[in-house]
file run.pdb (PDB, C-alpha atoms, pLDDT in the B column)
ATOM      1  CA  GLY A 909       0.395   8.658  38.838  1.00 65.00           C
ATOM      2  CA  GLU A 910      -1.068  11.976  37.789  1.00 78.00           C
ATOM      3  CA  SER A 911       2.319  13.430  36.891  1.00 82.00           C
ATOM      4  CA  ILE A 912       3.176  10.330  34.832  1.00 82.00           C
ATOM      5  CA  GLN A 913      -0.083  10.576  32.909  1.00 85.00           C
ATOM      6  CA  ARG A 914       0.405  14.297  32.369  1.00 88.00           C
ATOM      7  CA  GLY A 915       3.931  13.687  31.044  1.00 86.00           C
ATOM      8  CA  LEU A 916       2.667  10.890  28.827  1.00 87.00           C
ATOM      9  CA  GLU A 917      -0.102  13.060  27.358  1.00 90.00           C
ATOM     10  CA  LEU A 918       2.212  16.034  26.809  1.00 92.00           C
ATOM     11  CA  SER A 919       4.836  13.869  25.102  1.00 92.00           C
ATOM     12  CA  TYR A 920       2.149  12.412  22.849  1.00 92.00           C
ATOM     13  CA  LEU A 921       0.849  15.884  21.995  1.00 93.00           C
ATOM     14  CA  ASP A 922       4.360  17.112  21.195  1.00 93.00           C
ATOM     15  CA  THR A 923       4.946  14.027  19.047  1.00 92.00           C
ATOM     16  CA  GLN A 924       1.771  14.614  17.060  1.00 92.00           C
ATOM     17  CA  LEU A 925       2.721  18.260  16.527  1.00 91.00           C
ATOM     18  CA  LEU A 926       6.155  17.275  15.240  1.00 88.00           C
ATOM     19  CA  LEU A 927       4.693  14.615  12.947  1.00 87.00           C
ATOM     20  CA  SER A 928       2.303  17.191  11.515  1.00 86.00           C
ATOM     21  CA  LYS A 929       5.408  18.904  10.121  1.00 83.00           C
ATOM     22  CA  ALA A 930       5.834  15.840   7.888  1.00 78.00           C
ATOM     23  CA  GLU A 931       2.353  16.536   6.524  1.00 78.00           C
ATOM     24  CA  ASP A 932       3.301  20.142   5.880  1.00 81.00           C
ATOM     25  CA  SER A 933       6.459  19.103   4.030  1.00 80.00           C
ATOM     26  CA  MET A 934       4.377  17.114   1.537  1.00 82.00           C
ATOM     27  CA  SER A 935       1.899  19.904   0.741  1.00 82.00           C
ATOM     28  CA  PRO A 936       4.122  21.719  -1.813  1.00 85.00           C
ATOM     29  CA  VAL A 937       4.675  18.454  -3.693  1.00 84.00           C
ATOM     30  CA  PHE A 938       0.944  17.781  -3.827  1.00 84.00           C
ATOM     31  CA  VAL A 939       0.312  21.357  -5.017  1.00 85.00           C
ATOM     32  CA  PHE A 940       2.929  20.787  -7.735  1.00 85.00           C
ATOM     33  CA  MET A 941       1.267  17.512  -8.739  1.00 85.00           C
ATOM     34  CA  ALA A 942      -2.215  19.061  -8.748  1.00 85.00           C
ATOM     35  CA  GLY A 943      -0.866  21.842 -10.977  1.00 86.00           C
ATOM     36  CA  ILE A 944       0.601  19.320 -13.408  1.00 85.00           C
ATOM     37  CA  PHE A 945      -2.699  17.438 -13.593  1.00 83.00           C
ATOM     38  CA  ALA A 946      -4.657  20.673 -14.090  1.00 86.00           C
ATOM     39  CA  ILE A 947      -2.348  21.817 -16.892  1.00 83.00           C
ATOM     40  CA  ASN A 948      -2.490  18.363 -18.498  1.00 80.00           C
ATOM     41  CA  LEU A 949      -6.288  18.440 -18.434  1.00 80.00           C
ATOM     42  CA  ALA A 950      -6.305  21.938 -19.933  1.00 81.00           C
ATOM     43  CA  VAL A 951      -3.963  20.835 -22.713  1.00 77.00           C
ATOM     44  CA  ARG A 952      -5.968  17.696 -23.469  1.00 75.00           C
ATOM     45  CA  LEU A 953      -9.477  19.138 -23.246  1.00 76.00           C
ATOM     46  CA  THR A 954      -9.108  22.621 -24.722  1.00 76.00           C
ATOM     47  CA  PRO A 955      -7.843  24.140 -27.970  1.00 76.00           C
ATOM     48  CA  LEU A 956      -4.424  24.426 -26.279  1.00 70.00           C
ATOM     49  CA  ARG A 957      -3.835  20.914 -27.574  1.00 68.00           C
ATOM     50  CA  SER A 958      -3.389  22.288 -31.109  1.00 71.00           C
ATOM     51  CA  LEU A 959      -0.427  24.381 -29.940  1.00 71.00           C
ATOM     52  CA  PHE A 960       1.543  21.216 -29.283  1.00 66.00           C
ATOM     53  CA  ILE A 961       0.800  19.611 -32.668  1.00 62.00           C
ATOM     54  CA  ASN A 962       1.313  15.857 -32.181  1.00 67.00           C
ATOM     55  CA  ASN A 963       3.253  15.973 -28.932  1.00 69.00           C
ATOM     56  CA  ALA A 964       0.479  17.054 -26.553  1.00 67.00           C
ATOM     57  CA  VAL A 965      -0.184  13.539 -25.295  1.00 69.00           C
ATOM     58  CA  LEU A 966       3.528  12.792 -24.943  1.00 76.00           C
ATOM     59  CA  LEU A 967       4.162  16.033 -23.054  1.00 76.00           C
ATOM     60  CA  THR A 968       1.314  15.379 -20.622  1.00 74.00           C
ATOM     61  CA  MET A 969       2.568  11.841 -19.994  1.00 79.00           C
ATOM     62  CA  VAL A 970       6.131  13.020 -19.393  1.00 83.00           C
ATOM     63  CA  SER A 971       5.015  15.773 -17.018  1.00 81.00           C
ATOM     64  CA  THR A 972       2.817  13.302 -15.133  1.00 81.00           C
ATOM     65  CA  ILE A 973       5.721  10.879 -14.752  1.00 86.00           C
ATOM     66  CA  ILE A 974       7.963  13.699 -13.487  1.00 86.00           C
ATOM     67  CA  GLY A 975       5.309  14.707 -10.936  1.00 82.00           C
ATOM     68  CA  VAL A 976       4.768  11.145  -9.713  1.00 84.00           C
ATOM     69  CA  ILE A 977       8.529  10.640  -9.337  1.00 89.00           C
ATOM     70  CA  ALA A 978       8.768  13.901  -7.362  1.00 85.00           C
ATOM     71  CA  VAL A 979       5.951  12.860  -5.018  1.00 83.00           C
ATOM     72  CA  MET A 980       7.501   9.432  -4.481  1.00 86.00           C
ATOM     73  CA  ALA A 981      11.006  10.839  -3.930  1.00 89.00           C
ATOM     74  CA  VAL A 982       9.918  13.453  -1.398  1.00 86.00           C
ATOM     75  CA  GLY A 983       7.582  10.941   0.269  1.00 84.00           C
ATOM     76  CA  ALA A 984      10.340   8.329   0.574  1.00 88.00           C
ATOM     77  CA  TRP A 985      12.806  10.904   1.891  1.00 88.00           C
ATOM     78  CA  THR A 986      10.268  12.140   4.445  1.00 86.00           C
ATOM     79  CA  TYR A 987       9.228   8.650   5.536  1.00 86.00           C
ATOM     80  CA  ILE A 988      12.704   7.142   5.779  1.00 87.00           C
ATOM     81  CA  GLY A 989      14.660  10.195   6.851  1.00 83.00           C
ATOM     82  CA  TYR A 990      12.320  11.698   9.375  1.00 85.00           C
ATOM     83  CA  TYR A 991       8.955  10.153  10.045  1.00 88.00           C
ATOM     84  CA  SER A 992       9.779   6.484  10.627  1.00 89.00           C
ATOM     85  CA  SER A 993      12.967   7.075  12.616  1.00 90.00           C
ATOM     86  CA  PHE A 994      11.256   9.652  14.817  1.00 91.00           C
ATOM     87  CA  ILE A 995       8.429   7.243  15.654  1.00 92.00           C
ATOM     88  CA  ASP A 996      10.963   4.460  16.341  1.00 93.00           C
ATOM     89  CA  ASP A 997      12.738   6.731  18.822  1.00 93.00           C
ATOM     90  CA  TYR A 998       9.444   7.714  20.476  1.00 93.00           C
ATOM     91  CA  ILE A 999       8.307   4.086  20.804  1.00 93.00           C
ATOM     92  CA  ALA A1000      11.699   3.181  22.300  1.00 93.00           C
ATOM     93  CA  SER A1001      11.268   6.021  24.813  1.00 91.00           C
ATOM     94  CA  LEU A1002       7.778   4.805  25.679  1.00 90.00           C
ATOM     95  CA  ALA A1003       9.106   1.279  26.236  1.00 90.00           C
ATOM     96  CA  GLN A1004      11.512   2.586  28.876  1.00 88.00           C
ATOM     97  CA  PHE A1005       8.558   3.731  30.973  1.00 84.00           C
ATOM     98  CA  ARG A1006       6.595   0.492  30.712  1.00 85.00           C
ATOM     99  CA  GLU A1007       7.517  -0.784  34.195  1.00 84.00           C
ATOM    100  CA  LEU A1008       6.807   2.568  35.808  1.00 83.00           C
ATOM    101  CA  VAL A1009       3.412   2.827  34.078  1.00 82.00           C
ATOM    102  CA  MET A1010       2.474  -0.718  35.121  1.00 83.00           C
ATOM    103  CA  GLN A1011       2.841   0.307  38.779  1.00 82.00           C
ATOM    104  CA  GLU A1012       0.277   3.059  38.354  1.00 81.00           C
ATOM    105  CA  GLY A1013      -3.497   2.790  38.058  1.00 77.00           C
ATOM    106  CA  SER A1014      -5.366   1.137  35.238  1.00 81.00           C
ATOM    107  CA  ASP A1015      -6.258   4.506  33.681  1.00 84.00           C
ATOM    108  CA  VAL A1016      -2.603   5.372  33.139  1.00 84.00           C
ATOM    109  CA  LEU A1017      -1.864   1.891  31.807  1.00 85.00           C
ATOM    110  CA  GLU A1018      -4.847   2.041  29.444  1.00 88.00           C
ATOM    111  CA  ARG A1019      -3.810   5.417  28.042  1.00 88.00           C
ATOM    112  CA  TYR A1020      -0.187   4.261  27.712  1.00 88.00           C
ATOM    113  CA  SER A1021      -1.391   1.250  25.735  1.00 90.00           C
ATOM    114  CA  GLU A1022      -3.569   3.402  23.464  1.00 93.00           C
ATOM    115  CA  ILE A1023      -0.694   5.747  22.690  1.00 91.00           C
ATOM    116  CA  TYR A1024       1.728   2.860  22.109  1.00 92.00           C
ATOM    117  CA  VAL A1025      -0.622   1.102  19.685  1.00 92.00           C
ATOM    118  CA  GLN A1026      -1.485   4.359  17.872  1.00 91.00           C
ATOM    119  CA  MET A1027       2.177   5.118  17.355  1.00 92.00           C
ATOM    120  CA  ILE A1028       2.854   1.660  15.962  1.00 91.00           C
ATOM    121  CA  SER A1029      -0.044   2.020  13.515  1.00 89.00           C
ATOM    122  CA  GLN A1030       1.128   5.501  12.488  1.00 87.00           C
ATOM    123  CA  LYS A1031       4.600   4.118  11.760  1.00 88.00           C
ATOM    124  CA  THR A1032       3.370   1.788   9.024  1.00 87.00           C
ATOM    125  CA  LEU A1033       3.630   2.939   5.439  1.00 83.00           C
ATOM    126  CA  LEU A1034      -0.168   3.026   5.174  1.00 82.00           C
ATOM    127  CA  GLY A1035      -0.297   5.099   8.362  1.00 81.00           C
ATOM    128  CA  PHE A1036       2.208   7.522   6.842  1.00 83.00           C
ATOM    129  CA  VAL A1037       0.299   7.793   3.560  1.00 80.00           C
ATOM    130  CA  THR A1038      -2.950   8.343   5.452  1.00 78.00           C
ATOM    131  CA  ARG A1039      -1.370  11.016   7.604  1.00 78.00           C
ATOM    132  CA  ILE A1040       0.197  13.003   4.751  1.00 76.00           C
ATOM    133  CA  SER A1041      -2.901  12.847   2.580  1.00 74.00           C
ATOM    134  CA  ASN A1042      -4.136  16.311   3.401  1.00 70.00           C
ATOM    135  CA  GLU A1043      -6.443  18.416   1.278  1.00 75.00           C
ATOM    136  CA  TRP A1044      -3.788  19.035  -1.393  1.00 72.00           C
ATOM    137  CA  GLY A1045      -3.167  15.319  -1.648  1.00 77.00           C
ATOM    138  CA  GLY A1046      -6.896  14.878  -2.207  1.00 77.00           C
ATOM    139  CA  VAL A1047      -6.983  17.575  -4.891  1.00 79.00           C
ATOM    140  CA  ALA A1048      -4.022  15.949  -6.659  1.00 79.00           C
ATOM    141  CA  ALA A1049      -5.695  12.521  -6.435  1.00 80.00           C
ATOM    142  CA  VAL A1050      -8.995  13.785  -7.875  1.00 82.00           C
ATOM    143  CA  LEU A1051      -7.237  15.575 -10.729  1.00 81.00           C
ATOM    144  CA  GLY A1052      -5.059  12.510 -11.365  1.00 81.00           C
ATOM    145  CA  VAL A1053      -8.083  10.225 -11.577  1.00 82.00           C
ATOM    146  CA  THR A1054      -9.797  12.741 -13.855  1.00 83.00           C
ATOM    147  CA  GLN A1055      -6.744  12.813 -16.117  1.00 80.00           C
ATOM    148  CA  TRP A1056      -6.681   9.017 -16.218  1.00 79.00           C
ATOM    149  CA  ILE A1057     -10.382   8.876 -17.165  1.00 81.00           C
ATOM    150  CA  VAL A1058      -9.836  11.446 -19.932  1.00 78.00           C
ATOM    151  CA  GLU A1059      -6.911   9.386 -21.226  1.00 75.00           C
ATOM    152  CA  GLN A1060      -9.089   6.272 -21.296  1.00 75.00           C
ATOM    153  CA  PHE A1061     -11.668   8.024 -23.484  1.00 75.00           C
ATOM    154  CA  ASN A1062      -8.981   9.387 -25.804  1.00 68.00           C
ATOM    155  CA  ARG A1063      -7.195   6.086 -26.401  1.00 59.00           C
ATOM    156  CA  PRO A1064      -6.821   5.008 -30.046  1.00 56.00           C
ATOM    157  CA  GLU A1065      -8.911   1.876 -29.499  1.00 51.00           C
ATOM    158  CA  GLN A1066     -11.838   4.107 -28.534  1.00 49.00           C
ATOM    159  CA  GLU A1067     -11.867   5.480 -32.072  1.00 53.00           C
ATOM    160  CA  GLU A1068     -13.774   3.871 -34.899  1.00 53.00           C
ATOM    161  CA  SER A1069     -12.250   0.637 -36.129  1.00 51.00           C
ATOM    162  CA  PRO A1070     -10.952   0.457 -39.735  1.00 56.00           C
ATOM    163  CA  ALA A1071     -13.694  -2.083 -40.597  1.00 55.00           C
ATOM    164  CA  HIS A1072     -16.415   0.341 -39.515  1.00 55.00           C
ATOM    165  CA  ALA A1073     -14.736   3.213 -41.355  1.00 55.00           C
ATOM    166  CA  GLU A1074     -14.560   1.105 -44.541  1.00 61.00           C
ATOM    167  CA  LYS A1075     -18.260   0.237 -44.304  1.00 59.00           C
ATOM    168  CA  ALA A1076     -19.156   3.895 -43.823  1.00 57.00           C
ATOM    169  CA  THR A1077     -17.253   4.947 -46.959  1.00 62.00           C
ATOM    170  CA  GLU A1078     -18.897   2.163 -49.011  1.00 63.00           C
ATOM    171  CA  ALA A1079     -22.393   3.270 -48.041  1.00 57.00           C
TER
END
call {"tool": "encode", "arguments": {"input": "run.pdb", "output": "structure tokens"}}
result
Amino acid sequence: GESIQRGLELSYLDTQLLLSKAEDSMSPVFVFMAGIFAINLAVRLTPLRSLFINNAVLLTMVSTIIGVIAVMAVGAWTYIGYYSSFIDDYIASLAQFRELVMQEGSDVLERYSEIYVQMISQKTLLGFVTRISNEWGGVAAVLGVTQWIVEQFNRPEQEESPAHAEKATEA
């Protein structure tokens, strides 16, 4: 019983260490995205905007779209090509030991159940997104939300309406 539990815990630890590599593979993409958002904010909120004449808004939108596509492409490749299939294989391996674990004490069975359920929840797309959302993902998200808010305040409908402008010139 003790050797089974030890093997179970070590396999779970090794699995978590390998899955952390998926997190690490997403960090450069999030750094790239955070950089795009930071540059976009600098272009929109500083005199740099005048360097781009009328295309500053278009350039920031295009660069944002490129960054989002890169994050989604690398995320999909990581999830489908590595993360999900690895967890499927691990869960299948755990299932092979179900009968053996059931013959042991309740502590071993309880821990086996916890690990099994945790792995199933980590396999979901939300579990994957939660796992890869490290500090760089958070920085990119904050900068992305900031860029979106700035865009909302700079929308044409936020400017003075023609009716108000006409009244101001008449007065």
call {"tool": "atom_distance", "arguments": {"input": "run.pdb", "atom1": "atom CA of Trp1056 of chain A", "atom2": "atom CA of Gly975 of chain A"}}
result
14.3 Å
call {"tool": "resolve_selection", "arguments": {"input": "run.pdb", "expression": "the PyMOL selection byres ((chain A and resi 995) around 9)", "output": "list in words"}}
result
Thr923, Leu927, Tyr990, Tyr991, Ser992, Ser993, Phe994, Asp996, Asp997, Tyr998, Ile999, Ala1000, Met1027, Ile1028, Gln1030 and Lys1031 of chain A
call {"tool": "resolve_selection", "arguments": {"input": "run.pdb", "expression": "the PyMOL selection byres ((chain A and resi 1039-1045) around 12)", "output": "PyMOL selection string"}}
result
chain A and resi 924+927-943+979+982-984+986-987+991+1027+1029-1038+1046-1052
call {"tool": "atom_distance", "arguments": {"input": "run.pdb", "atom1": "atom CA of Phe1061 of chain A", "atom2": "atom CA of Ile944 of chain A"}}
result
19.5 Å
call {"tool": "closest_residue", "arguments": {"input": "run.pdb", "among": "A:Ser1021, A:Thr1054, A:Asn948, A:Gln1060", "to": "Ala1003 of chain A", "atoms": "all atoms listed in the file"}}
result
A:Ser1021
call {"tool": "atom_distance", "arguments": {"input": "run.pdb", "atom1": "atom CA of Ile947 of chain A", "atom2": "atom CA of Met969 of chain A"}}
result
11.5 Å
call {"tool": "resolve_selection", "arguments": {"input": "run.pdb", "expression": "the PyMOL selection byres ((chain A and resi 913) around 9)", "output": "MDAnalysis selection string"}}
result
chainID A and resid 909:912 914:918 1009 1015:1017 1019:1020
call {"tool": "closest_residue", "arguments": {"input": "run.pdb", "among": "A:Phe1005, A:Phe945, A:Tyr1024, A:Trp985", "to": "Ser971 of chain A", "atoms": "all atoms listed in the file"}}
result
A:Phe945
call {"tool": "axis_aligned_box", "arguments": {"input": "run.pdb", "around": "segment 980-987 of chain A", "padding_each_side": "4 Å", "output": "JSON"}}
result
{"center_x": 10.2, "center_y": 10.9, "center_z": 0.5, "size_x": 13.3, "size_y": 13.1, "size_z": 18.0}
call {"tool": "decode", "arguments": {"input": "run.pdb", "residues": "segment 987-1003 of chain A", "atoms": "N, CA, C and O atoms", "output": "compact mmCIF listing (two decimals), in the first residue's frame"}}
result
# COMPACT_ATOMS: atom_id res chain seq x y z
N TYR A 987 -2.23 23.16 -26.57
CA TYR A 987 -3.33 22.39 -25.97
C TYR A 987 -3.57 21.08 -26.72
O TYR A 987 -3.64 20.02 -26.12
N ILE A 988 -3.69 21.18 -28.03
CA ILE A 988 -4.02 19.99 -28.83
C ILE A 988 -2.81 19.07 -28.97
O ILE A 988 -2.93 17.85 -28.84
N GLY A 989 -1.66 19.65 -29.26
CA GLY A 989 -0.49 18.83 -29.56
C GLY A 989 0.23 18.25 -28.38
O GLY A 989 0.93 17.25 -28.51
N TYR A 990 0.05 18.83 -27.22
CA TYR A 990 0.86 18.39 -26.09
C TYR A 990 0.02 18.17 -24.84
O TYR A 990 -0.07 17.07 -24.31
N TYR A 991 -0.59 19.21 -24.39
CA TYR A 991 -1.23 19.24 -23.08
C TYR A 991 -2.35 18.21 -22.96
O TYR A 991 -2.34 17.35 -22.08
N SER A 992 -3.34 18.30 -23.83
CA SER A 992 -4.51 17.43 -23.76
C SER A 992 -4.16 15.96 -23.96
O SER A 992 -4.63 15.09 -23.23
N SER A 993 -3.32 15.68 -24.94
CA SER A 993 -2.97 14.28 -25.21
C SER A 993 -2.14 13.70 -24.07
O SER A 993 -2.30 12.52 -23.72
N PHE A 994 -1.29 14.50 -23.47
CA PHE A 994 -0.50 14.02 -22.34
C PHE A 994 -1.40 13.67 -21.16
O PHE A 994 -1.23 12.62 -20.53
N ILE A 995 -2.37 14.53 -20.87
CA ILE A 995 -3.28 14.25 -19.75
C ILE A 995 -4.14 13.02 -20.06
O ILE A 995 -4.39 12.20 -19.18
N ASP A 996 -4.58 12.87 -21.32
CA ASP A 996 -5.33 11.67 -21.70
C ASP A 996 -4.51 10.41 -21.42
O ASP A 996 -5.04 9.43 -20.87
N ASP A 997 -3.25 10.43 -21.80
CA ASP A 997 -2.38 9.27 -21.57
C ASP A 997 -2.20 9.01 -20.07
O ASP A 997 -2.21 7.86 -19.63
N TYR A 998 -2.05 10.07 -19.29
CA TYR A 998 -1.87 9.91 -17.84
C TYR A 998 -3.13 9.35 -17.20
O TYR A 998 -3.06 8.44 -16.36
N ILE A 999 -4.29 9.86 -17.59
CA ILE A 999 -5.56 9.35 -17.04
C ILE A 999 -5.75 7.89 -17.42
O ILE A 999 -6.21 7.08 -16.60
N ALA A 1000 -5.39 7.53 -18.65
CA ALA A 1000 -5.49 6.12 -19.07
C ALA A 1000 -4.56 5.24 -18.23
O ALA A 1000 -4.93 4.13 -17.84
N SER A 1001 -3.37 5.75 -17.91
CA SER A 1001 -2.45 5.00 -17.05
C SER A 1001 -3.00 4.86 -15.64
O SER A 1001 -2.89 3.80 -15.03
N LEU A 1002 -3.60 5.93 -15.14
CA LEU A 1002 -4.22 5.85 -13.80
C LEU A 1002 -5.34 4.82 -13.78
O LEU A 1002 -5.49 4.07 -12.80
N ALA A 1003 -6.12 4.77 -14.84
CA ALA A 1003 -7.26 3.83 -14.89
C ALA A 1003 -6.79 2.38 -14.82
O ALA A 1003 -7.51 1.52 -14.29
